[in-house]
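Visitor: Supplied in structure tokens, the structure appears directly below.
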Amino acid sequence: MSINPILTREFDDLMNKLGYFEKKPKLGISLSGGVDSFALLILLHEWLKKRNGKLVAFIVDHGLRNGSDQEAEEVKRLVLKKKIKCRILLWSGAKPKTRIMQTARNFRYDLLMKACLKEKILHLFFGHHLNDNIETFLMRSERLGHKAGLASIRNIREELNVRILRPLIEVEKSRLLDTCNYHNQKWINDPSNLNRKFERVRIRENQKTNLNRFKIKKKIDFYVQQNKILETKISLFFAQNLIFERVGIFKLNMDSFNELSENLKILVFKKTLTTNSGLLHPPKLRAINLLIQQLKSENFSKRTLHQNYIYLKDKFIIISRECKKDNKIKVNLIPNKKIVWDNRFLLFSRFSRATCYSICEFNIEKINNLFFKHEKRKIHFDILKTLPLIKIRNNYMIPFISSEKKLIKSGVSFFFSPKVPLTNN
């Protein structure tokens, strides 16, 4: 029986579609140990040899199954045989009893982002392929979500510090099997891929008999092109009609918003609410549609959705962060060690150790005496509660309240850095 592996010239073409790489690139790969990621490992390793680059393989051990640590060590052994640097990343702490797959995926991405930052890696590769894309399309088709999601998995996604790249997203899984067999590469089968309690496994089983893969691929391509058009329109709308305030407030021009199609109105709220919430997932389509209808009412007043306040003021739709509960949070800040505050801001101190406190009812009297004794507070208390009270020695500061000069002199940086960007364009 003939096999059809991915060879050097074809993989060069796939890599060229991802844009430019630096000289002697250092790349990261998320390695599950399955045939998909090992095929990509082989191809990247060969590609880097010609460019004097380096590859680092990251294995995430979620600790959800007995023996997962032994599997991770076995995968690492296979990687080290190729003289490729390899690190096992552990998901420690309590594990959830519901939404396990989604939570595990979020933790995996968080561990990988931190590992790439530590290794000074700009490009992180995943072995997702055409079969994965079709499964994602089918899963999303069964939900009442926005049709933009039917474009499924992107081959390029920009994060704050890392590009997430999937060069094999249009390649059949059978060819990845052929690639590993061609190179005599062993791999490990994950038993969870056979567990029917997971939606993706059930979809995968149905794929084997019921699907015309060519037709689905054409549908995915159609939605990819539609998404590009929508992204251009939405980016233009934001550029011309959005005012952003650094404390995390979005102001959308009401008249321009009303002129949009219903489809674009949904996307505007989906993107702004997700970006400003600090969450990875968007609000439900039904909730967004309800909000759009409520905005048409003359009696509309402030309401909350997806951890945001939405209200009208001076012909603007205002979206601001819903203030957190009065939790007494205390975080120690080590010099040059970044932390994420309120899931949206990056905070670090260049010179000194600092202690950061949440602002709430228990310390508002102290804050009023320190910052607002001789001048009126110009920022609403709900917004103030999303910011940290920073203590360095005996000095107290609050970003956007304390002077920029004082923050700079203390070596403190604090800026809006959401997990999900406003647009992908």
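Residues are referred to by chain and number: the chain letter is A, B, ... according to the order shown in the structure tokens, the number counts from 1 in that chain, and ligands are numbered separately from 1 in the order shown.
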Considering only C-alpha atoms, return as a PyMOL selection string whatever protein or nucleic-acid residues lie within 8 Å of stretch 308-322 of chain A, sequence-local ones (same chain, fewer than 6 positions apart) excluded.
Guide: chain A and resi 248-255+272-273+276-277+300-302+382-383+386
Visitor: Create the file for the chosen residues now, containing N, CA and C atoms and written as a PDB file, in the first residue's frame.
Guide:
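Saved file part33.pdb follows:
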ATOM      1  N   GLY A 248     -10.026  51.085  31.090  1.00  0.00           N
ATOM      2  CA  GLY A 248     -10.835  49.950  30.660  1.00  0.00           C
ATOM      3  C   GLY A 248     -12.275  50.330  30.388  1.00  0.00           C
ATOM      4  N   ILE A 249     -12.470  51.452  29.677  1.00  0.00           N
ATOM      5  CA  ILE A 249     -13.813  51.893  29.294  1.00  0.00           C
ATOM      6  C   ILE A 249     -13.860  52.022  27.772  1.00  0.00           C
ATOM      7  N   PHE A 250     -14.890  51.428  27.170  1.00  0.00           N
ATOM      8  CA  PHE A 250     -15.104  51.530  25.733  1.00  0.00           C
ATOM      9  C   PHE A 250     -16.323  52.399  25.477  1.00  0.00           C
ATOM     10  N   LYS A 251     -16.189  53.391  24.578  1.00  0.00           N
ATOM     11  CA  LYS A 251     -17.298  54.265  24.214  1.00  0.00           C
ATOM     12  C   LYS A 251     -17.575  54.113  22.725  1.00  0.00           C
ATOM     13  N   LEU A 252     -18.761  53.618  22.400  1.00  0.00           N
ATOM     14  CA  LEU A 252     -19.152  53.376  21.013  1.00  0.00           C
ATOM     15  C   LEU A 252     -20.153  54.441  20.572  1.00  0.00           C
ATOM     16  N   ASN A 253     -19.889  55.051  19.424  1.00  0.00           N
ATOM     17  CA  ASN A 253     -20.791  56.059  18.886  1.00  0.00           C
ATOM     18  C   ASN A 253     -22.154  55.433  18.599  1.00  0.00           C
ATOM     19  N   MET A 254     -23.189  55.947  19.278  1.00  0.00           N
ATOM     20  CA  MET A 254     -24.521  55.345  19.201  1.00  0.00           C
ATOM     21  C   MET A 254     -25.120  55.446  17.795  1.00  0.00           C
ATOM     22  N   ASP A 255     -24.999  56.614  17.146  1.00  0.00           N
ATOM     23  CA  ASP A 255     -25.585  56.794  15.816  1.00  0.00           C
ATOM     24  C   ASP A 255     -24.938  55.858  14.799  1.00  0.00           C
ATOM     25  N   THR A 272     -16.219  43.578  22.074  1.00  0.00           N
ATOM     26  CA  THR A 272     -15.912  44.521  23.157  1.00  0.00           C
ATOM     27  C   THR A 272     -16.175  43.910  24.528  1.00  0.00           C
ATOM     28  N   LEU A 273     -17.278  43.170  24.660  1.00  0.00           N
ATOM     29  CA  LEU A 273     -17.585  42.559  25.949  1.00  0.00           C
ATOM     30  C   LEU A 273     -16.561  41.493  26.322  1.00  0.00           C
ATOM     31  N   ASN A 276     -13.102  43.274  27.209  1.00  0.00           N
ATOM     32  CA  ASN A 276     -13.084  44.015  28.468  1.00  0.00           C
ATOM     33  C   ASN A 276     -13.433  43.160  29.679  1.00  0.00           C
ATOM     34  N   SER A 277     -13.933  41.960  29.463  1.00  0.00           N
ATOM     35  CA  SER A 277     -14.285  41.093  30.591  1.00  0.00           C
ATOM     36  C   SER A 277     -13.065  40.393  31.181  1.00  0.00           C
ATOM     37  N   PHE A 300     -34.275  52.290  28.393  1.00  0.00           N
ATOM     38  CA  PHE A 300     -33.053  51.519  28.672  1.00  0.00           C
ATOM     39  C   PHE A 300     -32.223  52.208  29.755  1.00  0.00           C
ATOM     40  N   SER A 301     -31.769  51.404  30.714  1.00  0.00           N
ATOM     41  CA  SER A 301     -30.865  51.917  31.754  1.00  0.00           C
ATOM     42  C   SER A 301     -29.697  50.953  31.883  1.00  0.00           C
ATOM     43  N   LYS A 302     -28.841  51.210  32.807  1.00  0.00           N
ATOM     44  CA  LYS A 302     -27.655  50.358  32.965  1.00  0.00           C
ATOM     45  C   LYS A 302     -28.041  48.903  33.183  1.00  0.00           C
ATOM     46  N   ASP A 382     -16.916  52.210  40.982  1.00  0.00           N
ATOM     47  CA  ASP A 382     -16.945  50.905  40.303  1.00  0.00           C
ATOM     48  C   ASP A 382     -15.674  50.672  39.494  1.00  0.00           C
ATOM     49  N   ILE A 383     -15.180  51.713  38.835  1.00  0.00           N
ATOM     50  CA  ILE A 383     -13.925  51.600  38.066  1.00  0.00           C
ATOM     51  C   ILE A 383     -12.739  51.530  39.015  1.00  0.00           C
ATOM     52  N   THR A 386     -11.614  48.177  40.219  1.00  0.00           N
ATOM     53  CA  THR A 386     -10.918  47.270  39.305  1.00  0.00           C
ATOM     54  C   THR A 386      -9.414  47.537  39.274  1.00  0.00           C
TER      55      THR A 386
END
Visitor: Leaving out A:Leu64 and any residue of its chain fewer than 2 positions from it, which residues lie within 10 Å of it when counting only C-alpha atoms, given as a PDB file with all heavy atoms, in the first residue's frame?
Guide:
ATOM      1  N   ASP A  61       1.267  18.048  31.223  1.00  0.00           N
ATOM      2  CA  ASP A  61       0.684  16.946  31.993  1.00  0.00           C
ATOM      3  C   ASP A  61      -0.438  17.525  32.846  1.00  0.00           C
ATOM      4  O   ASP A  61      -0.197  18.210  33.833  1.00  0.00           O
ATOM      5  CB  ASP A  61       1.754  16.280  32.869  1.00  0.00           C
ATOM      6  CG  ASP A  61       1.185  15.148  33.727  1.00  0.00           C
ATOM      7  OD1 ASP A  61       0.009  14.769  33.497  1.00  0.00           O
ATOM      8  OD2 ASP A  61       1.898  14.665  34.624  1.00  0.00           O
ATOM      9  N   HIS A  62      -1.682  17.251  32.431  1.00  0.00           N
ATOM     10  CA  HIS A  62      -2.835  17.792  33.162  1.00  0.00           C
ATOM     11  C   HIS A  62      -3.080  17.063  34.483  1.00  0.00           C
ATOM     12  O   HIS A  62      -3.772  17.575  35.351  1.00  0.00           O
ATOM     13  CB  HIS A  62      -4.094  17.695  32.302  1.00  0.00           C
ATOM     14  CG  HIS A  62      -4.056  18.524  31.064  1.00  0.00           C
ATOM     15  ND1 HIS A  62      -3.686  18.012  29.837  1.00  0.00           N
ATOM     16  CD2 HIS A  62      -4.310  19.836  30.869  1.00  0.00           C
ATOM     17  CE1 HIS A  62      -3.747  18.969  28.933  1.00  0.00           C
ATOM     18  NE2 HIS A  62      -4.116  20.081  29.532  1.00  0.00           N
ATOM     19  N   ASN A  66      -4.696   8.582  35.885  1.00  0.00           N
ATOM     20  CA  ASN A  66      -3.603   7.827  36.476  1.00  0.00           C
ATOM     21  C   ASN A  66      -2.616   7.437  35.382  1.00  0.00           C
ATOM     22  O   ASN A  66      -3.008   6.960  34.321  1.00  0.00           O
ATOM     23  CB  ASN A  66      -4.134   6.561  37.160  1.00  0.00           C
ATOM     24  CG  ASN A  66      -4.940   6.879  38.409  1.00  0.00           C
ATOM     25  OD1 ASN A  66      -4.699   7.894  39.054  1.00  0.00           O
ATOM     26  ND2 ASN A  66      -5.908   6.033  38.727  1.00  0.00           N
ATOM     27  N   GLY A  67      -1.354   7.655  35.658  1.00  0.00           N
ATOM     28  CA  GLY A  67      -0.330   7.288  34.688  1.00  0.00           C
ATOM     29  C   GLY A  67       0.000   8.373  33.689  1.00  0.00           C
ATOM     30  O   GLY A  67       0.853   8.171  32.809  1.00  0.00           O
ATOM     31  N   SER A  68      -0.648   9.548  33.793  1.00  0.00           N
ATOM     32  CA  SER A  68      -0.351  10.623  32.836  1.00  0.00           C
ATOM     33  C   SER A  68       1.094  11.107  32.984  1.00  0.00           C
ATOM     34  O   SER A  68       1.722  11.513  31.999  1.00  0.00           O
ATOM     35  CB  SER A  68      -1.319  11.794  33.030  1.00  0.00           C
ATOM     36  OG  SER A  68      -1.130  12.406  34.300  1.00  0.00           O
ATOM     37  N   ASP A  69       1.630  11.049  34.209  1.00  0.00           N
ATOM     38  CA  ASP A  69       3.027  11.465  34.415  1.00  0.00           C
ATOM     39  C   ASP A  69       3.995  10.514  33.717  1.00  0.00           C
ATOM     40  O   ASP A  69       5.001  10.939  33.133  1.00  0.00           O
ATOM     41  CB  ASP A  69       3.347  11.556  35.911  1.00  0.00           C
ATOM     42  CG  ASP A  69       3.029  10.268  36.667  1.00  0.00           C
ATOM     43  OD1 ASP A  69       2.230   9.443  36.154  1.00  0.00           O
ATOM     44  OD2 ASP A  69       3.572  10.073  37.769  1.00  0.00           O
ATOM     45  N   TRP A  91       0.144  20.828  35.385  1.00  0.00           N
ATOM     46  CA  TRP A  91      -1.036  21.545  35.863  1.00  0.00           C
ATOM     47  C   TRP A  91      -1.276  21.072  37.292  1.00  0.00           C
ATOM     48  O   TRP A  91      -1.809  20.002  37.533  1.00  0.00           O
ATOM     49  CB  TRP A  91      -2.235  21.251  34.976  1.00  0.00           C
ATOM     50  CG  TRP A  91      -3.508  21.903  35.446  1.00  0.00           C
ATOM     51  CD1 TRP A  91      -3.630  22.949  36.310  1.00  0.00           C
ATOM     52  CD2 TRP A  91      -4.848  21.549  35.076  1.00  0.00           C
ATOM     53  NE1 TRP A  91      -4.941  23.275  36.508  1.00  0.00           N
ATOM     54  CE2 TRP A  91      -5.719  22.444  35.771  1.00  0.00           C
ATOM     55  CE3 TRP A  91      -5.399  20.585  34.235  1.00  0.00           C
ATOM     56  CZ2 TRP A  91      -7.100  22.378  35.626  1.00  0.00           C
ATOM     57  CZ3 TRP A  91      -6.779  20.526  34.104  1.00  0.00           C
ATOM     58  CH2 TRP A  91      -7.616  21.416  34.791  1.00  0.00           C
ATOM     59  N   LYS A  95      -8.586  19.933  40.492  1.00  0.00           N
ATOM     60  CA  LYS A  95      -9.127  19.770  39.147  1.00  0.00           C
ATOM     61  C   LYS A  95     -10.654  19.912  39.184  1.00  0.00           C
ATOM     62  O   LYS A  95     -11.297  19.498  40.153  1.00  0.00           O
ATOM     63  CB  LYS A  95      -8.746  18.398  38.576  1.00  0.00           C
ATOM     64  CG  LYS A  95      -7.250  18.098  38.588  1.00  0.00           C
ATOM     65  CD  LYS A  95      -6.470  19.081  37.722  1.00  0.00           C
ATOM     66  CE  LYS A  95      -5.006  18.696  37.587  1.00  0.00           C
ATOM     67  NZ  LYS A  95      -4.232  18.814  38.815  1.00  0.00           N
ATOM     68  N   PRO A  96     -11.250  20.482  38.154  1.00  0.00           N
ATOM     69  CA  PRO A  96     -12.707  20.688  38.149  1.00  0.00           C
ATOM     70  C   PRO A  96     -13.457  19.376  37.931  1.00  0.00           C
ATOM     71  O   PRO A  96     -12.910  18.416  37.382  1.00  0.00           O
ATOM     72  CB  PRO A  96     -12.910  21.633  36.960  1.00  0.00           C
ATOM     73  CG  PRO A  96     -11.785  21.293  36.032  1.00  0.00           C
ATOM     74  CD  PRO A  96     -10.605  20.953  36.922  1.00  0.00           C
ATOM     75  N   ILE A 100     -14.476  19.866  32.101  1.00  0.00           N
ATOM     76  CA  ILE A 100     -13.074  19.481  32.271  1.00  0.00           C
ATOM     77  C   ILE A 100     -12.241  19.845  31.046  1.00  0.00           C
ATOM     78  O   ILE A 100     -11.149  20.425  31.166  1.00  0.00           O
ATOM     79  CB  ILE A 100     -12.957  17.971  32.561  1.00  0.00           C
ATOM     80  CG1 ILE A 100     -13.620  17.642  33.903  1.00  0.00           C
ATOM     81  CG2 ILE A 100     -11.507  17.522  32.584  1.00  0.00           C
ATOM     82  CD1 ILE A 100     -13.714  16.153  34.190  1.00  0.00           C
ATOM     83  N   ALA A 104      -9.232  22.470  31.151  1.00  0.00           N
ATOM     84  CA  ALA A 104      -7.899  21.938  30.880  1.00  0.00           C
ATOM     85  C   ALA A 104      -7.250  22.668  29.721  1.00  0.00           C
ATOM     86  O   ALA A 104      -6.043  22.979  29.752  1.00  0.00           O
ATOM     87  CB  ALA A 104      -7.980  20.446  30.575  1.00  0.00           C
TER      88      ALA A 104
END
Visitor: Run DSSP on the backbone and grab whatever in stretch 25-151 of chain A lands in strand (DSSP E or B); send it over as an NGL selection string.
Guide: :A and (26-30 or 54-61 or 85-90 or 123-125)
Visitor: Keeping N, CA and C atoms, export the residues of the selection given above as a compact mmCIF listing (two decimals), in the first residue's frame.
Guide:
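The resulting file, out29.txt, is reproduced below:
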# COMPACT_ATOMS: atom_id res chain seq x y z
N LYS A 26 13.86 30.41 16.88
CA LYS A 26 13.63 29.51 18.00
C LYS A 26 12.13 29.28 18.09
N LEU A 27 11.71 28.05 17.88
CA LEU A 27 10.29 27.73 17.81
C LEU A 27 9.88 26.82 18.97
N GLY A 28 8.64 26.94 19.38
CA GLY A 28 8.07 26.04 20.39
C GLY A 28 6.99 25.18 19.76
N ILE A 29 6.80 23.99 20.30
CA ILE A 29 5.73 23.12 19.84
C ILE A 29 5.03 22.51 21.04
N SER A 30 3.68 22.54 21.00
CA SER A 30 2.89 21.87 22.02
C SER A 30 2.77 20.41 21.61
N LYS A 54 16.39 26.51 16.52
CA LYS A 54 16.22 25.61 17.66
C LYS A 54 14.73 25.33 17.88
N LEU A 55 14.45 24.15 18.40
CA LEU A 55 13.08 23.75 18.70
C LEU A 55 12.98 23.33 20.16
N VAL A 56 11.93 23.79 20.82
CA VAL A 56 11.66 23.39 22.21
C VAL A 56 10.28 22.74 22.23
N ALA A 57 10.22 21.52 22.72
CA ALA A 57 8.94 20.80 22.82
C ALA A 57 8.39 20.94 24.24
N PHE A 58 7.11 21.32 24.33
CA PHE A 58 6.43 21.46 25.62
C PHE A 58 5.36 20.37 25.75
N ILE A 59 5.47 19.57 26.79
CA ILE A 59 4.48 18.53 27.08
C ILE A 59 3.70 18.97 28.32
N VAL A 60 2.39 19.10 28.18
CA VAL A 60 1.56 19.51 29.32
C VAL A 60 0.95 18.25 29.96
N ASP A 61 1.27 18.05 31.22
CA ASP A 61 0.68 16.95 31.99
C ASP A 61 -0.44 17.53 32.85
N LYS A 85 15.32 19.88 22.72
CA LYS A 85 15.04 20.31 24.10
C LYS A 85 13.57 20.06 24.42
N CYS A 86 13.30 19.58 25.62
CA CYS A 86 11.93 19.20 25.98
C CYS A 86 11.65 19.57 27.43
N ARG A 87 10.46 20.13 27.68
CA ARG A 87 10.04 20.47 29.04
C ARG A 87 8.64 19.94 29.31
N ILE A 88 8.46 19.36 30.49
CA ILE A 88 7.13 18.93 30.93
C ILE A 88 6.53 20.03 31.80
N LEU A 89 5.33 20.49 31.45
CA LEU A 89 4.64 21.53 32.20
C LEU A 89 3.50 20.88 32.98
N LEU A 90 3.48 21.09 34.29
CA LEU A 90 2.50 20.42 35.15
C LEU A 90 1.36 21.34 35.51
N HIS A 123 7.12 32.01 18.43
CA HIS A 123 6.24 31.22 17.57
C HIS A 123 5.97 29.86 18.23
N LEU A 124 4.70 29.61 18.55
CA LEU A 124 4.30 28.36 19.18
C LEU A 124 3.43 27.57 18.21
N PHE A 125 3.82 26.32 17.94
CA PHE A 125 3.14 25.49 16.94
C PHE A 125 2.25 24.44 17.58
Visitor: Let me make sure I understand: among A:Asn289, A:Ile188, A:Leu168, A:Thr136, which one has the smallest atom-to-atom distance to A:Gln70 if we use only C-alpha atoms?
Guide: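 Of A:Asn289, A:Ile188, A:Leu168, A:Thr136, the one nearest A:Gln70, counting only C-alpha atoms, is A:Ile188.
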Visitor: Please report, as a short mmCIF file (atom, residue, chain, number, x, y, z; two decimals) with N, CA, C and O atoms, in the first residue's frame, each residue of stretch 240-392 of chain A to which DSSP assigns helix (DSSP H, G or I) when run on this structure's backbone.
Guide:
data_model
loop_
_atom_site.label_atom_id
_atom_site.label_comp_id
_atom_site.auth_asym_id
_atom_site.auth_seq_id
_atom_site.Cartn_x
_atom_site.Cartn_y
_atom_site.Cartn_z
N GLN A 240 -13.02 54.14 13.58
CA GLN A 240 -13.70 55.42 13.35
C GLN A 240 -14.70 55.79 14.45
O GLN A 240 -15.04 56.97 14.59
N ASN A 241 -15.15 54.81 15.24
CA ASN A 241 -16.28 55.08 16.14
C ASN A 241 -16.07 54.63 17.58
O ASN A 241 -17.02 54.62 18.36
N MET A 254 -23.19 55.95 19.28
CA MET A 254 -24.52 55.35 19.20
C MET A 254 -25.12 55.45 17.80
O MET A 254 -25.68 54.47 17.27
N ASP A 255 -25.00 56.61 17.15
CA ASP A 255 -25.59 56.79 15.82
C ASP A 255 -24.94 55.86 14.80
O ASP A 255 -25.63 55.23 13.99
N SER A 256 -23.62 55.74 14.83
CA SER A 256 -22.92 54.85 13.91
C SER A 256 -23.26 53.39 14.18
O SER A 256 -23.39 52.59 13.25
N PHE A 257 -23.40 53.05 15.46
CA PHE A 257 -23.77 51.68 15.82
C PHE A 257 -25.14 51.32 15.25
O PHE A 257 -25.35 50.23 14.71
N ASN A 258 -26.10 52.25 15.33
CA ASN A 258 -27.45 51.99 14.85
C ASN A 258 -27.52 51.78 13.34
O ASN A 258 -28.45 51.18 12.82
N GLU A 262 -27.54 43.98 11.65
CA GLU A 262 -27.72 43.22 12.90
C GLU A 262 -26.53 42.29 13.14
O GLU A 262 -26.09 42.10 14.28
N ASN A 263 -25.99 41.75 12.07
CA ASN A 263 -24.84 40.85 12.17
C ASN A 263 -23.63 41.56 12.76
O ASN A 263 -22.95 41.05 13.66
N LEU A 264 -23.36 42.78 12.27
CA LEU A 264 -22.21 43.54 12.76
C LEU A 264 -22.44 44.06 14.18
O LEU A 264 -21.50 44.16 14.98
N LYS A 265 -23.68 44.40 14.51
CA LYS A 265 -23.99 44.82 15.89
C LYS A 265 -23.64 43.70 16.87
O LYS A 265 -23.06 43.95 17.93
N ILE A 266 -24.00 42.48 16.50
CA ILE A 266 -23.69 41.33 17.35
C ILE A 266 -22.18 41.21 17.54
O ILE A 266 -21.69 41.02 18.67
N LEU A 267 -21.43 41.33 16.45
CA LEU A 267 -19.97 41.20 16.54
C LEU A 267 -19.33 42.31 17.37
O LEU A 267 -18.37 42.08 18.10
N VAL A 268 -19.85 43.54 17.24
CA VAL A 268 -19.32 44.66 18.04
C VAL A 268 -19.43 44.35 19.52
O VAL A 268 -18.47 44.50 20.29
N PHE A 269 -20.61 43.90 19.95
CA PHE A 269 -20.78 43.58 21.37
C PHE A 269 -20.00 42.33 21.77
O PHE A 269 -19.40 42.28 22.86
N LYS A 270 -20.00 41.34 20.91
CA LYS A 270 -19.25 40.12 21.21
C LYS A 270 -17.79 40.43 21.48
O LYS A 270 -17.20 39.95 22.46
N LYS A 271 -17.20 41.28 20.65
CA LYS A 271 -15.78 41.56 20.76
C LYS A 271 -15.45 42.50 21.92
O LYS A 271 -14.52 42.26 22.69
N THR A 272 -16.22 43.58 22.07
CA THR A 272 -15.91 44.52 23.16
C THR A 272 -16.18 43.91 24.53
O THR A 272 -15.38 44.10 25.46
N LEU A 273 -17.28 43.17 24.66
CA LEU A 273 -17.59 42.56 25.95
C LEU A 273 -16.56 41.49 26.32
O LEU A 273 -16.17 41.38 27.49
N THR A 274 -16.11 40.71 25.35
CA THR A 274 -15.11 39.68 25.63
C THR A 274 -13.77 40.31 25.99
O THR A 274 -13.13 39.92 26.97
N THR A 275 -13.35 41.30 25.20
CA THR A 275 -12.05 41.95 25.45
C THR A 275 -12.02 42.59 26.83
O THR A 275 -11.04 42.46 27.56
N ASN A 276 -13.10 43.27 27.21
CA ASN A 276 -13.08 44.01 28.47
C ASN A 276 -13.43 43.16 29.68
O ASN A 276 -13.23 43.58 30.81
N SER A 277 -13.93 41.96 29.46
CA SER A 277 -14.29 41.09 30.59
C SER A 277 -13.06 40.39 31.18
O SER A 277 -13.06 40.00 32.34
N LEU A 285 -25.02 34.21 22.35
CA LEU A 285 -25.67 34.96 21.28
C LEU A 285 -27.05 35.46 21.71
O LEU A 285 -27.43 36.60 21.42
N ARG A 286 -27.79 34.63 22.43
CA ARG A 286 -29.12 35.02 22.87
C ARG A 286 -29.08 36.25 23.77
O ARG A 286 -29.92 37.15 23.65
N ALA A 287 -28.06 36.33 24.64
CA ALA A 287 -27.93 37.47 25.56
C ALA A 287 -27.58 38.75 24.79
O ALA A 287 -28.07 39.84 25.12
N ILE A 288 -26.72 38.61 23.76
CA ILE A 288 -26.36 39.78 22.95
C ILE A 288 -27.58 40.29 22.18
O ILE A 288 -27.83 41.50 22.11
N ASN A 289 -28.34 39.39 21.60
CA ASN A 289 -29.55 39.78 20.86
C ASN A 289 -30.53 40.51 21.76
O ASN A 289 -31.16 41.51 21.37
N LEU A 290 -30.67 40.02 22.99
CA LEU A 290 -31.57 40.67 23.96
C LEU A 290 -31.08 42.08 24.28
O LEU A 290 -31.87 43.03 24.35
N LEU A 291 -29.76 42.23 24.45
CA LEU A 291 -29.18 43.55 24.74
C LEU A 291 -29.45 44.53 23.59
O LEU A 291 -29.82 45.69 23.83
N ILE A 292 -29.29 44.07 22.36
CA ILE A 292 -29.51 44.93 21.19
C ILE A 292 -30.97 45.39 21.15
O ILE A 292 -31.26 46.57 20.85
N GLN A 293 -31.88 44.49 21.46
CA GLN A 293 -33.30 44.86 21.49
C GLN A 293 -33.59 45.86 22.61
O GLN A 293 -34.35 46.82 22.43
N GLN A 294 -32.98 45.64 23.78
CA GLN A 294 -33.21 46.54 24.92
C GLN A 294 -32.67 47.95 24.65
O GLN A 294 -33.24 48.94 25.12
N LEU A 295 -31.59 48.04 23.88
CA LEU A 295 -31.00 49.35 23.56
C LEU A 295 -31.97 50.22 22.75
O LEU A 295 -31.86 51.45 22.78
N GLU A 361 -14.67 48.23 50.01
CA GLU A 361 -15.24 48.99 51.13
C GLU A 361 -14.33 49.00 52.36
O GLU A 361 -14.29 49.98 53.10
N PHE A 362 -13.57 47.90 52.55
CA PHE A 362 -12.81 47.82 53.81
C PHE A 362 -11.65 48.81 53.86
O PHE A 362 -11.17 49.17 54.93
N ASN A 363 -11.15 49.29 52.68
CA ASN A 363 -10.04 50.25 52.73
C ASN A 363 -10.35 51.56 52.01
O ASN A 363 -9.45 52.37 51.78
N ILE A 364 -11.62 51.80 51.68
CA ILE A 364 -11.96 53.02 50.94
C ILE A 364 -11.73 54.27 51.78
O ILE A 364 -11.35 55.33 51.25
N GLU A 365 -11.94 54.19 53.09
CA GLU A 365 -11.70 55.37 53.94
C GLU A 365 -10.23 55.77 53.90
O GLU A 365 -9.89 56.96 53.78
N LYS A 366 -9.35 54.76 53.98
CA LYS A 366 -7.91 55.03 53.89
C LYS A 366 -7.56 55.64 52.54
O LYS A 366 -6.76 56.59 52.46
N ILE A 367 -8.13 55.10 51.49
CA ILE A 367 -7.85 55.60 50.14
C ILE A 367 -8.34 57.04 49.98
O ILE A 367 -7.66 57.88 49.39
N ASN A 368 -9.52 57.33 50.51
CA ASN A 368 -10.04 58.70 50.45
C ASN A 368 -9.10 59.67 51.15
O ASN A 368 -8.85 60.78 50.67
N ASN A 369 -8.56 59.26 52.30
CA ASN A 369 -7.63 60.12 53.04
C ASN A 369 -6.31 60.30 52.30
O ASN A 369 -5.71 61.38 52.33
N LEU A 370 -5.85 59.23 51.62
CA LEU A 370 -4.57 59.30 50.93
C LEU A 370 -4.64 60.07 49.61
O LEU A 370 -3.72 60.81 49.25
N PHE A 371 -5.75 59.90 48.88
CA PHE A 371 -5.79 60.40 47.50
C PHE A 371 -6.84 61.48 47.24
O PHE A 371 -6.69 62.27 46.31
N PHE A 381 -16.43 54.90 41.56
CA PHE A 381 -15.95 53.89 42.50
C PHE A 381 -15.95 52.49 41.86
O PHE A 381 -15.09 51.67 42.15
N ASP A 382 -16.92 52.21 40.98
CA ASP A 382 -16.94 50.90 40.30
C ASP A 382 -15.67 50.67 39.49
O ASP A 382 -15.16 49.55 39.43
N ILE A 383 -15.18 51.71 38.83
CA ILE A 383 -13.92 51.60 38.07
C ILE A 383 -12.74 51.53 39.02
O ILE A 383 -11.80 50.75 38.81
N LEU A 384 -12.78 52.33 40.06
CA LEU A 384 -11.69 52.34 41.04
C LEU A 384 -11.46 50.94 41.62
O LEU A 384 -10.33 50.52 41.85
#
